[in-house]
$ cat work_16.txt   # compact mmCIF, N, CA and C atoms
# COMPACT_ATOMS: atom_id res chain seq x y z
N MET A 1 109.23 35.67 26.41
CA MET A 1 108.01 36.42 26.23
C MET A 1 107.24 36.44 27.56
N ASN A 2 106.88 37.60 28.02
CA ASN A 2 106.18 37.74 29.30
C ASN A 2 104.68 37.65 29.06
N VAL A 3 104.10 36.48 29.31
CA VAL A 3 102.67 36.28 29.04
C VAL A 3 101.79 36.89 30.12
N SER A 4 102.36 37.30 31.23
CA SER A 4 101.55 37.87 32.30
C SER A 4 101.60 39.40 32.32
N ALA A 5 102.10 40.01 31.27
CA ALA A 5 102.24 41.46 31.24
C ALA A 5 100.91 42.19 31.09
N ASN A 6 99.87 41.52 30.72
CA ASN A 6 98.57 42.13 30.49
C ASN A 6 97.60 41.67 31.59
N MET A 7 97.01 42.61 32.31
CA MET A 7 96.09 42.26 33.40
C MET A 7 94.85 41.51 32.91
N LEU A 8 94.55 41.63 31.63
CA LEU A 8 93.40 40.89 31.10
C LEU A 8 93.63 39.38 31.12
N ARG A 9 94.89 38.98 31.31
CA ARG A 9 95.23 37.55 31.42
C ARG A 9 95.26 37.09 32.88
N SER A 10 94.77 37.91 33.77
CA SER A 10 94.78 37.58 35.19
C SER A 10 94.03 36.28 35.47
N LYS A 11 94.44 35.62 36.53
CA LYS A 11 93.80 34.38 36.99
C LYS A 11 93.26 34.62 38.39
N PHE A 12 92.09 34.08 38.66
CA PHE A 12 91.48 34.14 39.98
C PHE A 12 91.31 32.71 40.49
N TYR A 13 91.62 32.53 41.76
CA TYR A 13 91.49 31.24 42.42
C TYR A 13 90.60 31.45 43.64
N VAL A 14 89.64 30.55 43.85
CA VAL A 14 88.73 30.67 44.99
C VAL A 14 88.76 29.35 45.76
N CYS A 15 89.02 29.43 47.06
CA CYS A 15 89.07 28.24 47.90
C CYS A 15 87.64 27.78 48.21
N PRO A 16 87.32 26.52 47.95
CA PRO A 16 85.97 26.01 48.23
C PRO A 16 85.71 25.82 49.73
N VAL A 17 86.75 25.83 50.55
CA VAL A 17 86.59 25.64 52.00
C VAL A 17 86.29 26.95 52.69
N CYS A 18 87.13 27.97 52.48
CA CYS A 18 86.99 29.23 53.22
C CYS A 18 86.54 30.41 52.36
N GLY A 19 86.50 30.24 51.04
CA GLY A 19 86.11 31.33 50.17
C GLY A 19 87.21 32.33 49.89
N ASN A 20 88.43 32.04 50.31
CA ASN A 20 89.58 32.92 50.06
C ASN A 20 89.71 33.16 48.57
N ILE A 21 89.99 34.40 48.18
CA ILE A 21 90.14 34.78 46.78
C ILE A 21 91.60 35.15 46.54
N LEU A 22 92.22 34.53 45.56
CA LEU A 22 93.60 34.81 45.23
C LEU A 22 93.69 35.23 43.77
N HIS A 23 94.52 36.22 43.51
CA HIS A 23 94.68 36.76 42.17
C HIS A 23 96.13 36.60 41.75
N SER A 24 96.35 36.21 40.51
CA SER A 24 97.71 36.20 39.97
C SER A 24 97.67 36.80 38.57
N MET A 25 98.79 37.35 38.15
CA MET A 25 98.87 37.97 36.84
C MET A 25 99.22 36.96 35.75
N GLY A 26 99.39 35.73 36.13
CA GLY A 26 99.68 34.65 35.19
C GLY A 26 99.45 33.33 35.89
N GLU A 27 99.88 32.25 35.27
CA GLU A 27 99.71 30.93 35.87
C GLU A 27 100.49 30.85 37.18
N ALA A 28 99.91 30.16 38.16
CA ALA A 28 100.55 29.97 39.46
C ALA A 28 100.09 28.64 40.04
N VAL A 29 100.85 28.13 40.96
CA VAL A 29 100.44 26.96 41.72
C VAL A 29 99.95 27.49 43.06
N VAL A 30 98.65 27.33 43.32
CA VAL A 30 98.03 27.92 44.49
C VAL A 30 97.35 26.84 45.31
N GLN A 31 97.61 26.84 46.62
CA GLN A 31 96.97 25.92 47.54
C GLN A 31 96.35 26.69 48.69
N CYS A 32 95.20 26.21 49.16
CA CYS A 32 94.56 26.76 50.35
C CYS A 32 93.91 25.59 51.06
N HIS A 33 94.11 25.49 52.35
CA HIS A 33 93.60 24.38 53.15
C HIS A 33 94.08 23.03 52.61
N GLY A 34 95.28 23.01 52.03
CA GLY A 34 95.84 21.77 51.50
C GLY A 34 95.23 21.33 50.18
N ILE A 35 94.40 22.17 49.57
CA ILE A 35 93.76 21.85 48.30
C ILE A 35 94.45 22.63 47.19
N LEU A 36 94.83 21.92 46.12
CA LEU A 36 95.41 22.58 44.96
C LEU A 36 94.27 23.24 44.20
N LEU A 37 94.33 24.56 44.05
CA LEU A 37 93.27 25.30 43.39
C LEU A 37 93.56 25.46 41.91
N THR A 38 92.51 25.38 41.11
CA THR A 38 92.64 25.64 39.68
C THR A 38 92.06 27.02 39.39
N PRO A 39 92.56 27.70 38.36
CA PRO A 39 92.02 29.03 38.06
C PRO A 39 90.55 28.94 37.64
N CYS A 40 89.77 29.93 38.03
CA CYS A 40 88.37 29.99 37.65
C CYS A 40 88.28 30.25 36.15
N GLN A 41 87.38 29.56 35.50
CA GLN A 41 87.13 29.76 34.08
C GLN A 41 85.87 30.61 33.95
N ALA A 42 86.01 31.83 33.47
CA ALA A 42 84.88 32.74 33.37
C ALA A 42 84.02 32.40 32.15
N GLU A 43 82.71 32.42 32.37
CA GLU A 43 81.74 32.23 31.29
C GLU A 43 81.03 33.55 31.05
N GLU A 44 80.46 33.72 29.86
CA GLU A 44 79.66 34.92 29.61
C GLU A 44 78.44 34.90 30.51
N THR A 45 77.97 36.09 30.88
CA THR A 45 76.80 36.18 31.74
C THR A 45 75.62 35.49 31.07
N ASP A 46 74.70 34.99 31.92
CA ASP A 46 73.50 34.33 31.41
C ASP A 46 72.28 34.93 32.08
N GLU A 47 71.09 34.40 31.78
CA GLU A 47 69.86 34.98 32.31
C GLU A 47 69.75 34.85 33.83
N ASN A 48 70.47 33.95 34.44
CA ASN A 48 70.48 33.81 35.90
C ASN A 48 71.53 34.69 36.57
N HIS A 49 72.41 35.24 35.77
CA HIS A 49 73.50 36.08 36.30
C HIS A 49 73.61 37.34 35.45
N MET A 50 72.56 38.12 35.46
CA MET A 50 72.51 39.37 34.70
C MET A 50 73.26 40.45 35.48
N ILE A 51 73.97 41.28 34.74
CA ILE A 51 74.69 42.38 35.36
C ILE A 51 74.25 43.66 34.66
N PHE A 52 74.04 44.71 35.43
CA PHE A 52 73.59 45.99 34.91
C PHE A 52 74.67 47.02 35.19
N ILE A 53 75.02 47.79 34.16
CA ILE A 53 76.11 48.75 34.27
C ILE A 53 75.56 50.13 33.95
N GLU A 54 75.81 51.05 34.85
CA GLU A 54 75.40 52.44 34.64
C GLU A 54 76.64 53.32 34.71
N ARG A 55 76.80 54.19 33.75
CA ARG A 55 77.93 55.11 33.77
C ARG A 55 77.52 56.34 34.57
N VAL A 56 78.26 56.63 35.63
CA VAL A 56 78.01 57.79 36.48
C VAL A 56 79.30 58.59 36.55
N GLU A 57 79.34 59.70 35.85
CA GLU A 57 80.52 60.54 35.72
C GLU A 57 81.72 59.72 35.26
N ASP A 58 82.74 59.55 36.09
CA ASP A 58 83.93 58.80 35.68
C ASP A 58 83.96 57.39 36.25
N GLU A 59 82.79 56.85 36.60
CA GLU A 59 82.71 55.51 37.20
C GLU A 59 81.64 54.66 36.51
N TYR A 60 81.84 53.34 36.64
CA TYR A 60 80.78 52.39 36.31
C TYR A 60 80.14 51.98 37.62
N PHE A 61 78.81 52.09 37.68
CA PHE A 61 78.06 51.55 38.81
C PHE A 61 77.51 50.22 38.32
N VAL A 62 77.93 49.15 38.97
CA VAL A 62 77.60 47.79 38.56
C VAL A 62 76.69 47.17 39.62
N ARG A 63 75.59 46.58 39.17
CA ARG A 63 74.72 45.87 40.11
C ARG A 63 74.19 44.60 39.47
N MET A 64 73.84 43.66 40.31
CA MET A 64 73.30 42.39 39.85
C MET A 64 72.03 42.07 40.62
N ASP A 65 71.04 41.54 39.93
CA ASP A 65 69.85 41.01 40.59
C ASP A 65 70.17 39.55 40.92
N HIS A 66 70.68 39.32 42.10
CA HIS A 66 71.15 37.99 42.48
C HIS A 66 70.89 37.77 43.96
N ASP A 67 70.61 36.53 44.33
CA ASP A 67 70.48 36.19 45.75
C ASP A 67 71.74 36.60 46.48
N MET A 68 71.58 37.10 47.69
CA MET A 68 72.73 37.43 48.53
C MET A 68 72.49 36.82 49.91
N THR A 69 72.16 35.52 49.91
CA THR A 69 71.95 34.80 51.16
C THR A 69 73.27 34.15 51.58
N LYS A 70 73.31 33.60 52.76
CA LYS A 70 74.53 32.94 53.23
C LYS A 70 74.86 31.71 52.41
N GLU A 71 73.86 31.13 51.76
CA GLU A 71 74.08 29.92 50.97
C GLU A 71 74.40 30.22 49.51
N HIS A 72 73.92 31.35 49.00
CA HIS A 72 74.08 31.66 47.57
C HIS A 72 74.28 33.16 47.41
N TYR A 73 75.47 33.56 46.98
CA TYR A 73 75.78 34.99 46.90
C TYR A 73 76.90 35.26 45.89
N ILE A 74 77.05 36.52 45.54
CA ILE A 74 78.17 36.98 44.72
C ILE A 74 79.31 37.30 45.69
N SER A 75 80.46 36.66 45.49
CA SER A 75 81.59 36.82 46.41
C SER A 75 82.42 38.07 46.11
N PHE A 76 82.65 38.35 44.82
CA PHE A 76 83.41 39.54 44.47
C PHE A 76 83.08 39.97 43.05
N VAL A 77 83.39 41.23 42.78
CA VAL A 77 83.27 41.81 41.44
C VAL A 77 84.60 42.47 41.13
N ALA A 78 85.09 42.29 39.92
CA ALA A 78 86.37 42.89 39.53
C ALA A 78 86.22 43.57 38.17
N ALA A 79 86.89 44.70 38.02
CA ALA A 79 86.95 45.42 36.75
C ALA A 79 88.40 45.39 36.29
N VAL A 80 88.61 44.89 35.08
CA VAL A 80 89.97 44.67 34.60
C VAL A 80 90.22 45.47 33.32
N SER A 81 91.36 46.14 33.30
CA SER A 81 91.84 46.81 32.08
C SER A 81 93.18 46.18 31.74
N SER A 82 93.84 46.66 30.73
CA SER A 82 95.12 46.05 30.34
C SER A 82 96.21 46.27 31.38
N ASP A 83 96.08 47.32 32.22
CA ASP A 83 97.14 47.59 33.20
C ASP A 83 96.67 47.71 34.65
N LYS A 84 95.36 47.51 34.90
CA LYS A 84 94.83 47.65 36.27
C LYS A 84 93.77 46.60 36.55
N MET A 85 93.64 46.28 37.84
CA MET A 85 92.56 45.41 38.28
C MET A 85 91.99 46.04 39.54
N GLN A 86 90.67 46.31 39.52
CA GLN A 86 89.97 46.83 40.69
C GLN A 86 89.04 45.71 41.18
N MET A 87 89.04 45.47 42.47
CA MET A 87 88.20 44.38 42.98
C MET A 87 87.45 44.85 44.22
N VAL A 88 86.17 44.45 44.30
CA VAL A 88 85.34 44.74 45.45
C VAL A 88 84.83 43.42 46.00
N LYS A 89 85.09 43.18 47.28
CA LYS A 89 84.61 41.98 47.96
C LYS A 89 83.18 42.23 48.42
N LEU A 90 82.28 41.31 48.12
CA LEU A 90 80.88 41.41 48.55
C LEU A 90 80.62 40.35 49.62
N TYR A 91 79.57 40.55 50.39
CA TYR A 91 79.26 39.65 51.50
C TYR A 91 77.80 39.26 51.48
N PRO A 92 77.49 38.05 51.97
CA PRO A 92 76.09 37.63 52.05
C PRO A 92 75.26 38.65 52.82
N GLU A 93 74.02 38.79 52.39
CA GLU A 93 73.05 39.69 52.99
C GLU A 93 73.37 41.16 52.74
N GLY A 94 74.37 41.45 51.90
CA GLY A 94 74.66 42.81 51.48
C GLY A 94 74.08 43.03 50.08
N ASN A 95 74.41 44.14 49.48
CA ASN A 95 73.94 44.43 48.12
C ASN A 95 74.95 43.93 47.10
N ALA A 96 74.45 43.40 46.00
CA ALA A 96 75.31 42.92 44.91
C ALA A 96 75.58 44.10 43.98
N GLU A 97 76.44 45.01 44.42
CA GLU A 97 76.76 46.20 43.62
C GLU A 97 78.15 46.71 43.96
N ALA A 98 78.72 47.46 43.01
CA ALA A 98 80.06 48.02 43.20
C ALA A 98 80.25 49.19 42.25
N ARG A 99 81.24 50.01 42.54
CA ARG A 99 81.61 51.15 41.68
C ARG A 99 83.08 50.98 41.29
N PHE A 100 83.36 51.29 40.02
CA PHE A 100 84.72 51.19 39.51
C PHE A 100 85.05 52.42 38.67
N LYS A 101 86.27 52.91 38.79
CA LYS A 101 86.75 53.96 37.89
C LYS A 101 86.78 53.38 36.48
N ILE A 102 86.35 54.15 35.51
CA ILE A 102 86.25 53.66 34.13
C ILE A 102 87.63 53.34 33.55
N ASN A 103 88.62 54.20 33.74
CA ASN A 103 90.02 54.02 33.32
C ASN A 103 90.31 52.82 32.41
N GLY A 104 89.72 52.74 31.25
CA GLY A 104 90.07 51.69 30.29
C GLY A 104 89.55 50.31 30.62
N VAL A 105 88.54 50.19 31.47
CA VAL A 105 88.01 48.87 31.84
C VAL A 105 87.51 48.16 30.59
N LYS A 106 88.00 46.94 30.40
CA LYS A 106 87.63 46.13 29.24
C LYS A 106 86.72 44.96 29.61
N ARG A 107 86.79 44.53 30.87
CA ARG A 107 86.02 43.35 31.28
C ARG A 107 85.63 43.50 32.74
N ILE A 108 84.40 43.11 33.04
CA ILE A 108 83.93 43.05 34.42
C ILE A 108 83.64 41.60 34.73
N LEU A 109 84.24 41.11 35.81
CA LEU A 109 84.07 39.73 36.23
C LEU A 109 83.38 39.68 37.58
N PHE A 110 82.62 38.63 37.83
CA PHE A 110 82.06 38.43 39.15
C PHE A 110 81.96 36.94 39.43
N TYR A 111 81.99 36.60 40.72
CA TYR A 111 82.04 35.20 41.12
C TYR A 111 80.85 34.85 42.00
N CYS A 112 80.05 33.89 41.52
CA CYS A 112 78.93 33.35 42.28
C CYS A 112 79.43 32.12 43.03
N ASN A 113 79.17 32.04 44.33
CA ASN A 113 79.72 30.94 45.12
C ASN A 113 79.15 29.58 44.71
N ARG A 114 78.04 29.54 43.99
CA ARG A 114 77.48 28.27 43.51
C ARG A 114 77.82 27.97 42.06
N ASP A 115 77.79 29.00 41.22
CA ASP A 115 77.86 28.78 39.78
C ASP A 115 79.17 29.18 39.13
N GLY A 116 80.09 29.78 39.89
CA GLY A 116 81.39 30.12 39.35
C GLY A 116 81.51 31.54 38.84
N MET A 117 82.50 31.75 37.97
CA MET A 117 82.84 33.10 37.51
C MET A 117 82.17 33.42 36.18
N PHE A 118 81.76 34.68 36.06
CA PHE A 118 81.13 35.19 34.85
C PHE A 118 81.80 36.49 34.45
N TYR A 119 81.67 36.86 33.18
CA TYR A 119 82.26 38.11 32.72
C TYR A 119 81.33 38.80 31.72
N ILE A 120 81.58 40.07 31.54
CA ILE A 120 80.90 40.85 30.51
C ILE A 120 81.81 42.02 30.14
N SER A 121 81.72 42.43 28.90
CA SER A 121 82.41 43.64 28.47
C SER A 121 81.48 44.81 28.79
N PRO A 122 81.98 45.86 29.43
CA PRO A 122 81.09 46.98 29.76
C PRO A 122 80.51 47.64 28.52
N ILE A 123 81.16 47.52 27.39
CA ILE A 123 80.64 48.10 26.16
C ILE A 123 79.44 47.31 25.66
N LYS A 124 79.45 45.99 25.89
CA LYS A 124 78.34 45.15 25.47
C LYS A 124 77.36 44.87 26.61
N GLY A 125 77.58 45.49 27.76
CA GLY A 125 76.79 45.20 28.96
C GLY A 125 75.33 45.60 28.86
N TYR A 126 74.58 45.26 29.87
CA TYR A 126 73.18 45.62 29.97
C TYR A 126 73.12 46.98 30.67
N TRP A 127 72.97 48.01 29.86
CA TRP A 127 73.06 49.37 30.35
C TRP A 127 71.74 49.83 30.96
N VAL A 128 71.83 50.59 31.99
CA VAL A 128 70.68 51.22 32.62
C VAL A 128 70.89 52.72 32.50
N TRP A 129 70.00 53.41 31.89
CA TRP A 129 70.16 54.86 31.72
C TRP A 129 69.21 55.59 32.61
$ encode --input "work_16.txt" --output "structure tokens"
Amino acid sequence: MNVSANMLRSKFYVCPVCGNILHSMGEAVVQCHGILLTPCQAEETDENHMIFIERVEDEYFVRMDHDMTKEHYISFVAAVSSDKMQMVKLYPEGNAEARFKINGVKRILFYCNRDGMFYISPIKGYWVW
């Protein structure tokens, strides 16, 4: 049985030393800087990590009200469907926002360098009209 056939089962690994982001479609043994990395465990968004989703034609415009300083920032945002993964790398002092093609997106994930990974379903998201 191929347990990695669905992109919704994707795993993300983030190196605590350099911030390198690694993606796998299933379980993997991943090392960076000699450190064995464990997959990020995504939690549902909370009041400190609110995400706002706006539908613009055939895209989701995603933004977060979050610090984007060199010490505390959103590292990446990903939109995952059963057969695709779209990812946007964000940088400190930039905007915490991204655009994704809607194409069956079931989950939007984002990674805070201090607090870890969070997710939301775009259907249940905090919509801005």
$ closest_residue --input "work_16.txt" --among "A:Leu37, A:Val105, A:Ala42, A:Cys112" --to "Lys70 in chain A" --atoms "only C-alpha atoms"
A:Cys112
$ residues_around --input "work_16.txt" --residues "Ile35 in chain A" --least-positions-apart "3" --cutoff "8 Å" --atoms "only N, CA and C atoms" --output "JSON, numbers by chain"
{"A": [15, 16, 30, 31, 32, 38]}
$ atom_distance --input "work_16.txt" --atom1 "atom C of Arg99 in chain A" --atom2 "atom N of Ile74 in chain A"
16.2 Å
$ closest_residue --input "work_16.txt" --among "A:Met68, A:Phe52, A:Met117, A:Met85" --to "Tyr13 in chain A" --atoms "only C-alpha atoms"
A:Met117
$ atom_distance --input "work_16.txt" --atom1 "atom N of Tyr91 in chain A" --atom2 "atom C of Tyr111 in chain A"
10.2 Å
$ residues_around --input "work_16.txt" --residues "Phe76 in chain A" --least-positions-apart "3" --cutoff "5 Å" --atoms "all atoms listed in the file" --output "PyMOL selection string"
chain A and resi 88-90+110-111
